[in-house]
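**Q** Data file target-v1.tsv (TSV, C-alpha atoms and all ligand atoms) is appended below.
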```
chain	number	residue	atom	x	y	z
A	1278	MET	CA	-4.45	-4.01	-15.67
A	1279	PHE	CA	-2.12	-6.95	-15.31
A	1280	ARG	CA	-3.30	-10.08	-13.49
A	1281	GLU	CA	-1.17	-12.84	-11.99
A	1282	ARG	CA	-1.84	-15.86	-9.82
A	1283	VAL	CA	0.71	-15.97	-7.02
A	1284	SER	CA	-0.59	-19.01	-5.17
A	1285	ASN	CA	-3.61	-21.33	-5.02
A	1286	ASP	CA	-6.64	-19.06	-5.41
A	1287	ILE	CA	-4.65	-15.92	-4.69
A	1288	TYR	CA	-4.44	-13.25	-7.37
A	1289	VAL	CA	-2.67	-9.94	-7.74
A	1290	PHE	CA	-3.92	-7.16	-10.03
A	1291	THR	CA	-1.49	-4.43	-11.00
A	1292	SER	CA	-2.48	-1.10	-12.49
A	1293	GLU	CA	-1.02	-0.28	-15.88
A	1294	VAL	CA	-2.40	3.25	-15.62
A	1295	TYR	CA	-1.09	4.62	-12.34
A	1296	ALA	CA	2.10	3.87	-10.36
A	1297	GLN	CA	1.75	0.07	-10.61
A	1298	VAL	CA	-0.67	0.02	-7.68
A	1299	THR	CA	-1.60	-3.51	-6.64
A	1300	ALA	CA	-4.81	-5.07	-5.38
A	1301	GLY	CA	-5.12	-8.69	-4.27
A	1302	ALA	CA	-7.82	-11.32	-3.99
A	1303	VAL	CA	-8.18	-14.51	-2.00
A	1304	VAL	CA	-10.84	-16.63	-3.68
A	1305	THR	CA	-12.81	-19.17	-1.59
A	1306	LYS	CA	-16.00	-21.20	-2.15
A	1307	GLU	CA	-17.77	-18.85	0.22
A	1308	GLY	CA	-16.68	-15.73	-1.57
A	1309	VAL	CA	-13.76	-13.43	-2.21
A	1310	ILE	CA	-11.67	-11.34	0.14
A	1311	LEU	CA	-10.38	-8.38	-1.80
A	1312	ILE	CA	-7.37	-6.48	-0.55
A	1313	ASP	CA	-7.50	-2.91	-1.86
A	1314	THR	CA	-8.80	-1.77	-5.24
A	1315	LEU	CA	-7.26	0.00	-8.22
A	1316	PRO	CA	-7.16	3.77	-8.80
A	1317	PHE	CA	-9.41	4.10	-11.85
A	1318	PRO	CA	-12.88	2.66	-12.56
A	1319	THR	CA	-11.93	0.97	-15.87
A	1320	GLU	CA	-9.35	-1.25	-14.19
A	1321	SER	CA	-11.35	-1.85	-11.01
A	1322	ARG	CA	-14.33	-2.92	-13.16
A	1323	GLU	CA	-12.13	-5.35	-15.07
A	1324	MET	CA	-10.98	-6.82	-11.75
A	1325	ALA	CA	-14.58	-7.00	-10.46
A	1326	ALA	CA	-15.70	-8.85	-13.61
A	1327	PHE	CA	-12.93	-11.43	-13.20
A	1328	LEU	CA	-13.79	-12.01	-9.52
A	1329	GLU	CA	-17.50	-12.40	-10.26
A	1330	HIS	CA	-16.63	-15.41	-12.42
A	1331	ALA	CA	-14.07	-16.76	-9.97
A	1332	SER	CA	-16.48	-17.23	-7.07
A	1333	ARG	CA	-20.27	-17.28	-7.23
A	1334	PRO	CA	-20.91	-15.63	-3.85
A	1335	GLY	CA	-18.84	-12.69	-5.10
A	1336	VAL	CA	-16.72	-10.31	-3.07
A	1337	ARG	CA	-17.68	-10.58	0.62
A	1338	TYR	CA	-14.98	-8.39	2.16
A	1339	VAL	CA	-12.96	-5.47	0.88
A	1340	ILE	CA	-9.97	-4.87	3.13
A	1341	LEU	CA	-8.54	-1.36	2.81
A	1342	THR	CA	-4.85	-1.31	3.72
A	1343	HIS	CA	-4.87	2.49	4.18
A	1344	TYR	CA	-6.94	5.50	3.18
A	1345	HIS	CA	-4.93	6.72	0.16
A	1346	ALA	CA	-6.90	7.34	-3.03
A	1347	ASP	CA	-4.97	4.99	-5.29
A	1348	HIS	CA	-5.89	1.99	-3.10
A	1349	THR	CA	-9.48	2.84	-2.14
A	1350	TYR	CA	-11.25	4.40	-5.13
A	1351	GLY	CA	-12.68	1.11	-6.42
A	1352	SER	CA	-14.52	-0.01	-3.28
A	1353	TYR	CA	-17.83	1.49	-4.46
A	1354	LEU	CA	-18.02	-1.34	-7.03
A	1355	PHE	CA	-18.60	-3.85	-4.21
A	1356	PRO	CA	-21.62	-2.42	-2.35
A	1357	GLN	CA	-22.59	-5.85	-0.97
A	1358	ALA	CA	-19.21	-6.40	0.71
A	1359	ASP	CA	-18.18	-5.45	4.20
A	1360	VAL	CA	-15.31	-2.96	4.20
A	1361	VAL	CA	-12.62	-3.83	6.75
A	1362	ALA	CA	-9.89	-1.43	7.88
A	1363	HIS	CA	-8.05	0.03	10.83
A	1364	ALA	CA	-10.15	2.49	12.86
A	1365	ASP	CA	-7.84	5.34	11.83
A	1366	CYS	CA	-8.65	4.59	8.18
A	1367	LEU	CA	-12.32	5.38	8.78
A	1368	GLU	CA	-11.38	8.68	10.37
A	1369	LEU	CA	-8.88	9.60	7.63
A	1370	LEU	CA	-11.29	8.73	4.83
A	1371	GLU	CA	-13.90	11.03	6.35
A	1372	LYS	CA	-11.49	13.83	7.13
A	1373	LEU	CA	-9.17	13.74	4.11
A	1374	GLY	CA	-10.30	11.09	1.63
A	1375	GLN	CA	-13.76	12.43	0.92
A	1376	PRO	CA	-12.74	16.07	0.30
A	1377	ALA	CA	-9.77	14.88	-1.80
A	1378	LEU	CA	-12.10	12.82	-4.00
A	1379	LYS	CA	-14.29	15.89	-4.60
A	1380	ALA	CA	-11.24	17.88	-5.69
A	1381	ALA	CA	-10.02	15.02	-7.91
A	1382	GLN	CA	-13.43	14.67	-9.57
A	1383	ALA	CA	-13.26	18.32	-10.67
A	1384	GLU	CA	-10.05	17.50	-12.57
A	1385	GLU	CA	-10.72	13.96	-13.75
A	1386	PRO	CA	-14.07	13.15	-15.40
A	1387	GLU	CA	-13.42	9.41	-15.19
A	1388	LEU	CA	-13.71	9.62	-11.40
A	1389	GLU	CA	-17.24	11.04	-11.52
A	1390	GLU	CA	-18.90	7.71	-10.68
A	1391	VAL	CA	-16.54	7.03	-7.75
A	1392	SER	CA	-17.74	7.34	-4.17
A	1393	ILE	CA	-15.89	6.44	-1.03
A	1394	ARG	CA	-17.21	3.49	0.94
A	1395	LEU	CA	-16.42	3.88	4.60
A	1396	PRO	CA	-15.22	0.87	6.60
A	1397	THR	CA	-18.03	-1.14	8.23
A	1398	ILE	CA	-15.71	-3.32	10.34
A	1399	THR	CA	-12.76	-1.65	12.06
A	1400	PHE	CA	-10.16	-2.58	14.66
A	1401	ASP	CA	-7.76	-0.50	16.69
A	1402	GLU	CA	-5.70	-3.13	18.44
A	1403	GLY	CA	-2.51	-4.48	16.84
A	1404	GLU	CA	-4.04	-7.34	14.93
A	1405	ILE	CA	-7.26	-9.19	14.10
A	1406	SER	CA	-7.97	-12.29	12.08
A	1407	LEU	CA	-10.55	-12.77	9.38
A	1408	GLN	CA	-11.82	-16.16	8.24
A	1409	LEU	CA	-13.79	-17.15	5.16
A	1410	GLY	CA	-14.20	-20.46	3.35
A	1411	GLY	CA	-11.52	-22.11	5.48
A	1412	ARG	CA	-8.93	-19.42	4.80
A	1413	VAL	CA	-7.41	-17.54	7.71
A	1414	MET	CA	-6.00	-14.06	7.28
A	1415	ARG	CA	-4.20	-11.92	9.81
A	1416	LEU	CA	-4.72	-8.16	9.54
A	1417	ILE	CA	-1.68	-6.56	11.13
A	1418	HIS	CA	-1.45	-2.87	11.95
A	1419	SER	CA	1.71	-1.58	10.24
A	1420	PRO	CA	1.85	2.20	10.39
A	1421	GLY	CA	4.70	4.31	9.02
A	1422	HIS	CA	3.65	5.00	5.43
A	1423	THR	CA	0.43	6.27	7.00
A	1424	ALA	CA	-0.95	6.01	10.55
A	1425	ASP	CA	-3.72	3.62	9.53
A	1426	GLY	CA	-1.63	1.14	7.50
A	1427	ILE	CA	-2.28	-2.58	7.73
A	1428	MET	CA	-0.80	-5.67	6.11
A	1429	VAL	CA	-2.73	-8.83	5.31
A	1430	TYR	CA	-1.05	-12.17	5.89
A	1431	VAL	CA	-2.63	-15.30	4.42
A	1432	GLU	CA	-1.55	-18.02	6.85
A	1433	ASP	CA	-1.72	-21.26	4.85
A	1434	ASN	CA	-0.05	-19.92	1.70
A	1435	ARG	CA	2.35	-17.60	3.53
A	1436	VAL	CA	1.45	-14.73	1.23
A	1437	LEU	CA	1.88	-11.26	2.68
A	1438	PHE	CA	0.04	-8.30	1.20
A	1439	ALA	CA	2.39	-5.71	2.66
A	1440	SER	CA	0.75	-2.74	0.93
A	1441	ASP	CA	2.82	0.44	1.09
A	1442	THR	CA	4.82	-0.76	4.09
A	1443	VAL	CA	6.97	-2.33	1.36
A	1444	MET	CA	7.51	-0.35	-1.84
A	1445	PRO	CA	10.41	0.01	-4.30
A	1446	VAL	CA	11.13	3.18	-2.28
A	1447	PRO	CA	9.60	3.82	1.15
A	1448	ALA	CA	7.19	6.79	0.99
A	1449	ILE	CA	7.10	8.72	4.26
A	1450	VAL	CA	5.60	12.10	3.32
A	1451	ASP	CA	2.33	11.18	5.07
A	1452	GLY	CA	4.09	8.98	7.61
A	1453	ASN	CA	6.94	8.58	10.06
A	1454	THR	CA	10.35	6.99	9.58
A	1455	ASP	CA	10.71	5.51	13.09
A	1456	VAL	CA	7.27	3.98	12.97
A	1457	LEU	CA	7.90	2.58	9.49
A	1458	ARG	CA	11.13	0.93	10.69
A	1459	GLU	CA	9.14	-0.95	13.35
A	1460	SER	CA	6.63	-2.12	10.75
A	1461	LEU	CA	9.38	-3.26	8.37
A	1462	LYS	CA	10.83	-5.33	11.19
A	1463	LYS	CA	7.45	-7.05	11.60
A	1464	VAL	CA	7.64	-8.11	7.94
A	1465	VAL	CA	10.79	-10.19	8.34
A	1466	GLU	CA	9.37	-11.96	11.39
A	1467	LEU	CA	6.77	-13.66	9.17
A	1468	PRO	CA	7.52	-16.75	7.10
A	1469	ILE	CA	6.84	-15.53	3.55
A	1470	GLU	CA	6.56	-17.27	0.18
A	1471	ASN	CA	5.32	-14.23	-1.74
A	1472	LEU	CA	5.24	-10.61	-0.71
A	1473	VAL	CA	2.87	-8.31	-2.59
A	1474	GLN	CA	4.08	-4.72	-2.45
A	1475	GLY	CA	1.59	-1.84	-2.56
A	1476	HIS	CA	3.24	-0.78	-5.82
A	1477	GLY	CA	5.38	-2.77	-8.23
A	1478	GLU	CA	6.43	-6.38	-8.54
A	1479	VAL	CA	5.70	-9.35	-6.32
A	1480	ILE	CA	8.74	-10.31	-4.24
A	1481	LEU	CA	9.69	-13.95	-3.74
A	1482	ARG	CA	10.81	-15.60	-0.52
A	1483	GLY	CA	14.55	-15.32	-1.05
A	1484	GLU	CA	14.39	-11.59	-1.77
A	1485	VAL	CA	12.24	-10.42	1.15
A	1486	GLU	CA	15.05	-9.82	3.60
A	1487	VAL	CA	17.18	-8.06	0.99
A	1488	VAL	CA	14.33	-5.70	0.09
A	1489	VAL	CA	13.47	-4.94	3.72
A	1490	ASN	CA	17.10	-4.29	4.59
A	1491	ALA	CA	17.43	-1.97	1.59
A	1492	SER	CA	14.39	-0.03	2.84
A	1493	LEU	CA	15.80	0.23	6.37
A	1494	ASN	CA	19.14	1.34	4.99
A	1495	TYR	CA	17.41	3.92	2.79
A	1496	LEU	CA	15.58	5.43	5.79
A	1497	ASP	CA	18.85	5.68	7.75
A	1498	THR	CA	20.63	7.25	4.77
A	1499	ILE	CA	18.07	9.95	4.01
A	1500	GLU	CA	17.92	10.91	7.68
A	1501	LYS	CA	21.68	11.27	7.78
A	1502	LYS	CA	21.83	13.26	4.55
A	1503	VAL	CA	19.01	15.61	5.56
A	1504	ALA	CA	20.52	16.14	9.03
A	1505	LYS	CA	23.84	17.01	7.39
A	1506	ALA	CA	22.18	19.49	5.02
A	1507	ILE	CA	20.43	21.20	7.92
A	1508	LYS	CA	23.61	21.32	9.98
A	1509	SER	CA	25.57	22.91	7.15
A	1510	LYS	CA	22.70	25.37	6.53
A	1511	LYS	CA	22.04	24.19	2.98
A	1512	ALA	CA	18.83	25.38	1.32
A	1513	LYS	CA	15.97	22.91	1.23
A	1514	GLU	CA	15.95	22.85	-2.57
A	1515	SER	CA	19.58	21.66	-2.62
A	1516	LEU	CA	18.28	18.28	-1.41
A	1517	ARG	CA	16.89	17.63	-4.90
A	1518	LYS	CA	20.46	17.11	-6.09
A	1519	ILE	CA	20.82	14.05	-3.87
A	1520	ASP	CA	19.44	11.30	-6.09
A	1521	ILE	CA	17.86	8.03	-5.06
A	1522	GLU	CA	20.85	5.95	-6.17
A	1523	SER	CA	23.14	7.77	-3.76
A	1524	CYS	CA	20.71	6.62	-1.04
A	1525	GLY	CA	21.12	2.99	-2.05
A	1526	LEU	CA	18.02	2.33	-4.19
A	1527	SER	CA	17.47	1.90	-7.92
A	1528	ARG	CA	15.93	4.73	-9.97
A	1529	ILE	CA	14.30	2.27	-12.41
A	1530	PRO	CA	11.14	0.91	-10.65
A	1531	LEU	CA	7.63	2.32	-11.17
A	1532	ASN	CA	8.78	3.76	-14.48
A	1533	GLY	CA	11.06	6.19	-12.69
A	1534	LEU	CA	8.40	7.53	-10.32
A	1535	VAL	CA	10.62	6.39	-7.41
A	1536	GLN	CA	12.88	9.42	-7.90
A	1537	GLN	CA	9.90	11.77	-7.39
A	1538	ILE	CA	8.83	9.87	-4.28
A	1539	HIS	CA	12.40	10.10	-3.01
A	1540	GLU	CA	12.56	13.87	-3.54
A	1541	ALA	CA	9.26	14.35	-1.73
A	1542	ASN	CA	10.62	12.23	1.16
A	1543	MET	CA	13.71	14.43	1.47
A	1544	ILE	CA	11.72	17.68	1.45
A	1545	ALA	CA	9.20	16.38	4.00
A	1546	LEU	CA	11.97	15.10	6.24
A	1547	TYR	CA	13.77	18.43	6.06
A	1548	ASP	CA	10.66	20.30	7.24
A	1549	ARG	CA	10.05	17.73	9.97
A	1550	MET	CA	13.61	17.66	11.28
A	1551	LYS	CA	13.86	21.43	11.21
A	1552	ALA	CA	10.60	21.86	13.09
A	1553	GLY	CA	11.73	19.25	15.60
A	1554	GLY	CA	15.03	21.04	16.17
B	1601	ZN	ZN	-0.21	4.97	-0.01
```
How would this structure read if it were set down as C-alpha cells?
**A**
Amino acid sequence: MFRERVSNDIYVFTSEVYAQVTAGAVVTKEGVILIDTLPFPTESREMAAFLEHASRPGVRYVILTHYHADHTYGSYLFPQADVVAHADCLELLEKLGQPALKAAQAEEPELEEVSIRLPTITFDEGEISLQLGGRVMRLIHSPGHTADGIMVYVEDNRVLFASDTVMPVPAIVDGNTDVLRESLKKVVELPIENLVQGHGEVILRGEVEVVVNASLNYLDTIEKKVAKAIKSKKAKESLRKIDIESCGLSRIPLNGLVQQIHEANMIALYDRMKAGG
C-alpha cells in the first residue's frame, strides 16, 4: 500500500496489490471519515493502523462510493463506524456483493475473514452533506460506472474523491455511457485542487479538464467504433483488435490493465447496442 497526503489532513491510500485501487481519509479531531477501503485485508489493516494513530476517536464514517468488491471489502475492519452510501448500494451489496464475496472466498483464502458491512445511512436524492469536526463533505450521486456511484467533495480543500467516475479508462461494463457522461460533466463544474481517481494517480487542478475531456472523447469513440462494427456485420470478437490507443487513451496506466478494461467495454457495448437495435 502506498500512502500520500494530498492536502491538510487528507490522505490517499493506493493498493500495490490490485489495480491501484484508492481509498481516502479526512482526519478531524472528532474522528476520521474514510472513503472506500482497499481490496485485501493486509492493506486495509495497514490503513486502519495508520488512521488509529492519526485520530484518537478513530474512524467514525466509512463512505462507500459504490458496491464493487475492490472498494468495499475492508469495511468490516471498522465495526464502530457508520457506513454511508447511496440507497442503491445497499440493495446491490445484498443482491450481488454478498454472493460474490462467498464465491471469491472459495478461491482466495486471504478473504476468509472478510464480511460485507451494509450501509447504515443511505440517501437516494442527488446529494447530501456530511459534517464532522468542522469539515463539510458533499456526497454527490454520480452514476454511470455503476447505478449507485457517488463522489465525495471536501469543500474547504476542494478535494474531489471521484471514485470510478474518473479512471484512466472509463469502465462501463456494469454501467451506462450516457449516464456516465452526465456524471463526468458534474466533475468539471466543481472547483478542484486535487482529484482522487478510483484507480491510479491523483490528478492536479490543471489536468482535471483534460482528463475529463479525454474520458468523454473515449466514450464517443467506442460508441462510434462499435456502431460501425455492427453496421458492417463484423463479429463481436473482431472488436478486440481495436486497441485503447486508437480510442484516444494511453495503454500504460494501471500496469496495462486499462487495455483489458477497454476490451470488456467494447464487448459489453456491442451486446447492449445490438440488443437495443
Ligand atoms: Zn468499480
**Q** Taking (-11.1, -21.5, 4.7) as a centre in this file's frame and 12 Å as the limit, can you find every polymer residue with an atom that close, using only C-alpha atoms, and give them as number ranges by chain?
**A** A: 1286, 1303-1310, 1407-1414, 1431-1434
**Q** Please report the interatomic distance between atom CA of Gly1475 of chain A and atom CA of Ile1449 of chain A in Å with one decimal.
**A** 13.7 Å
**Q** Between A:Gly1403, A:Gly1452, A:Pro1318, A:Pro1386, which residue has the minimum interatomic distance to His1345 of chain A, considering only C-alpha atoms?
**A**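 Closest residue, counting only C-alpha atoms: A:Gly1452.
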**Q** Using only C-alpha atoms, can you tell me which of A:Ala1439, A:Val1446, A:Val1488, A:Val1361 comes closest to Ile1405 of chain A?
**A**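 Closest to Ile1405 of chain A of all the choices is A:Val1361.
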**Q** Using all atoms listed in the file, I'd like a table of the residues in chain A that come within 9 Å of ligand ZN 1601 (chain B); for each, show the closest atom pair and its distance in Å rounded to one decimal, ordered by chain and ascending number, as CSV.
**A**
```
residue,atom,partner,partner_atom,distance
A:Thr1342,CA,B:ZN1601,ZN,8.7
A:His1343,CA,B:ZN1601,ZN,6.7
A:Tyr1344,CA,B:ZN1601,ZN,7.5
A:His1345,CA,B:ZN1601,ZN,5.0
A:Ala1346,CA,B:ZN1601,ZN,7.7
A:Asp1347,CA,B:ZN1601,ZN,7.1
A:His1348,CA,B:ZN1601,ZN,7.1
A:His1422,CA,B:ZN1601,ZN,6.7
A:Thr1423,CA,B:ZN1601,ZN,7.2
A:Gly1426,CA,B:ZN1601,ZN,8.5
A:Ser1440,CA,B:ZN1601,ZN,7.8
A:Asp1441,CA,B:ZN1601,ZN,5.6
A:Thr1442,CA,B:ZN1601,ZN,8.7
A:Ala1448,CA,B:ZN1601,ZN,7.7
A:Asp1451,CA,B:ZN1601,ZN,8.4
A:Gly1475,CA,B:ZN1601,ZN,7.5
A:His1476,CA,B:ZN1601,ZN,8.9
```
**Q** Missing atoms in segment 1282-1298 of chain A: fill them in up to N, CA, C and O atoms and send the result as a PDB file, keeping the file's coordinate frame.
**A**
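Writing done, so here's result36.pdb:
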```
ATOM      1  N   ARG A1282      -1.448 -14.975 -10.904  1.00  0.00           N
ATOM      2  CA  ARG A1282      -1.840 -15.860  -9.820  1.00  0.00           C
ATOM      3  C   ARG A1282      -0.577 -16.152  -9.038  1.00  0.00           C
ATOM      4  O   ARG A1282       0.380 -16.703  -9.586  1.00  0.00           O
ATOM      5  N   VAL A1283      -0.520 -15.773  -7.772  1.00  0.00           N
ATOM      6  CA  VAL A1283       0.710 -15.970  -7.020  1.00  0.00           C
ATOM      7  C   VAL A1283       0.703 -17.260  -6.219  1.00  0.00           C
ATOM      8  O   VAL A1283       1.752 -17.762  -5.831  1.00  0.00           O
ATOM      9  N   SER A1284      -0.492 -17.795  -5.961  1.00  0.00           N
ATOM     10  CA  SER A1284      -0.590 -19.010  -5.170  1.00  0.00           C
ATOM     11  C   SER A1284      -1.963 -19.585  -5.457  1.00  0.00           C
ATOM     12  O   SER A1284      -2.750 -18.970  -6.180  1.00  0.00           O
ATOM     13  N   ASN A1285      -2.283 -20.753  -4.858  1.00  0.00           N
ATOM     14  CA  ASN A1285      -3.610 -21.330  -5.020  1.00  0.00           C
ATOM     15  C   ASN A1285      -4.685 -20.308  -4.686  1.00  0.00           C
ATOM     16  O   ASN A1285      -4.776 -19.852  -3.563  1.00  0.00           O
ATOM     17  N   ASP A1286      -5.493 -19.940  -5.654  1.00  0.00           N
ATOM     18  CA  ASP A1286      -6.640 -19.060  -5.410  1.00  0.00           C
ATOM     19  C   ASP A1286      -6.275 -17.680  -4.866  1.00  0.00           C
ATOM     20  O   ASP A1286      -7.079 -17.024  -4.224  1.00  0.00           O
ATOM     21  N   ILE A1287      -5.047 -17.275  -5.091  1.00  0.00           N
ATOM     22  CA  ILE A1287      -4.650 -15.920  -4.690  1.00  0.00           C
ATOM     23  C   ILE A1287      -4.143 -15.169  -5.924  1.00  0.00           C
ATOM     24  O   ILE A1287      -3.263 -15.646  -6.633  1.00  0.00           O
ATOM     25  N   TYR A1288      -4.755 -14.031  -6.163  1.00  0.00           N
ATOM     26  CA  TYR A1288      -4.440 -13.250  -7.370  1.00  0.00           C
ATOM     27  C   TYR A1288      -3.949 -11.854  -7.001  1.00  0.00           C
ATOM     28  O   TYR A1288      -4.350 -11.290  -5.985  1.00  0.00           O
ATOM     29  N   VAL A1289      -3.118 -11.326  -7.883  1.00  0.00           N
ATOM     30  CA  VAL A1289      -2.670  -9.940  -7.740  1.00  0.00           C
ATOM     31  C   VAL A1289      -3.011  -9.201  -9.033  1.00  0.00           C
ATOM     32  O   VAL A1289      -2.796  -9.722 -10.133  1.00  0.00           O
ATOM     33  N   PHE A1290      -3.567  -8.016  -8.896  1.00  0.00           N
ATOM     34  CA  PHE A1290      -3.920  -7.160 -10.030  1.00  0.00           C
ATOM     35  C   PHE A1290      -3.060  -5.902  -9.941  1.00  0.00           C
ATOM     36  O   PHE A1290      -3.013  -5.258  -8.890  1.00  0.00           O
ATOM     37  N   THR A1291      -2.401  -5.583 -11.022  1.00  0.00           N
ATOM     38  CA  THR A1291      -1.490  -4.430 -11.000  1.00  0.00           C
ATOM     39  C   THR A1291      -1.929  -3.402 -12.020  1.00  0.00           C
ATOM     40  O   THR A1291      -2.160  -3.736 -13.190  1.00  0.00           O
ATOM     41  N   SER A1292      -2.039  -2.165 -11.590  1.00  0.00           N
ATOM     42  CA  SER A1292      -2.480  -1.100 -12.490  1.00  0.00           C
ATOM     43  C   SER A1292      -1.430  -0.825 -13.563  1.00  0.00           C
ATOM     44  O   SER A1292      -0.243  -0.724 -13.277  1.00  0.00           O
ATOM     45  N   GLU A1293      -1.908  -0.697 -14.788  1.00  0.00           N
ATOM     46  CA  GLU A1293      -1.020  -0.280 -15.880  1.00  0.00           C
ATOM     47  C   GLU A1293      -1.216   1.198 -16.178  1.00  0.00           C
ATOM     48  O   GLU A1293      -0.608   1.748 -17.081  1.00  0.00           O
ATOM     49  N   VAL A1294      -2.085   1.842 -15.388  1.00  0.00           N
ATOM     50  CA  VAL A1294      -2.400   3.250 -15.620  1.00  0.00           C
ATOM     51  C   VAL A1294      -1.686   4.158 -14.624  1.00  0.00           C
ATOM     52  O   VAL A1294      -1.208   5.227 -14.970  1.00  0.00           O
ATOM     53  N   TYR A1295      -1.632   3.732 -13.365  1.00  0.00           N
ATOM     54  CA  TYR A1295      -1.090   4.620 -12.340  1.00  0.00           C
ATOM     55  C   TYR A1295      -0.170   3.889 -11.351  1.00  0.00           C
ATOM     56  O   TYR A1295      -0.607   3.027 -10.586  1.00  0.00           O
ATOM     57  N   ALA A1296       1.112   4.235 -11.384  1.00  0.00           N
ATOM     58  CA  ALA A1296       2.100   3.870 -10.360  1.00  0.00           C
ATOM     59  C   ALA A1296       2.124   2.387  -9.957  1.00  0.00           C
ATOM     60  O   ALA A1296       2.490   2.053  -8.832  1.00  0.00           O
ATOM     61  N   GLN A1297       1.721   1.527 -10.873  1.00  0.00           N
ATOM     62  CA  GLN A1297       1.750   0.070 -10.610  1.00  0.00           C
ATOM     63  C   GLN A1297       1.162  -0.293  -9.254  1.00  0.00           C
ATOM     64  O   GLN A1297       1.697  -1.136  -8.526  1.00  0.00           O
ATOM     65  N   VAL A1298       0.042   0.342  -8.920  1.00  0.00           N
ATOM     66  CA  VAL A1298      -0.670   0.020  -7.680  1.00  0.00           C
ATOM     67  C   VAL A1298      -1.146  -1.429  -7.766  1.00  0.00           C
ATOM     68  O   VAL A1298      -1.575  -1.882  -8.820  1.00  0.00           O
TER      69      VAL A1298
END
```
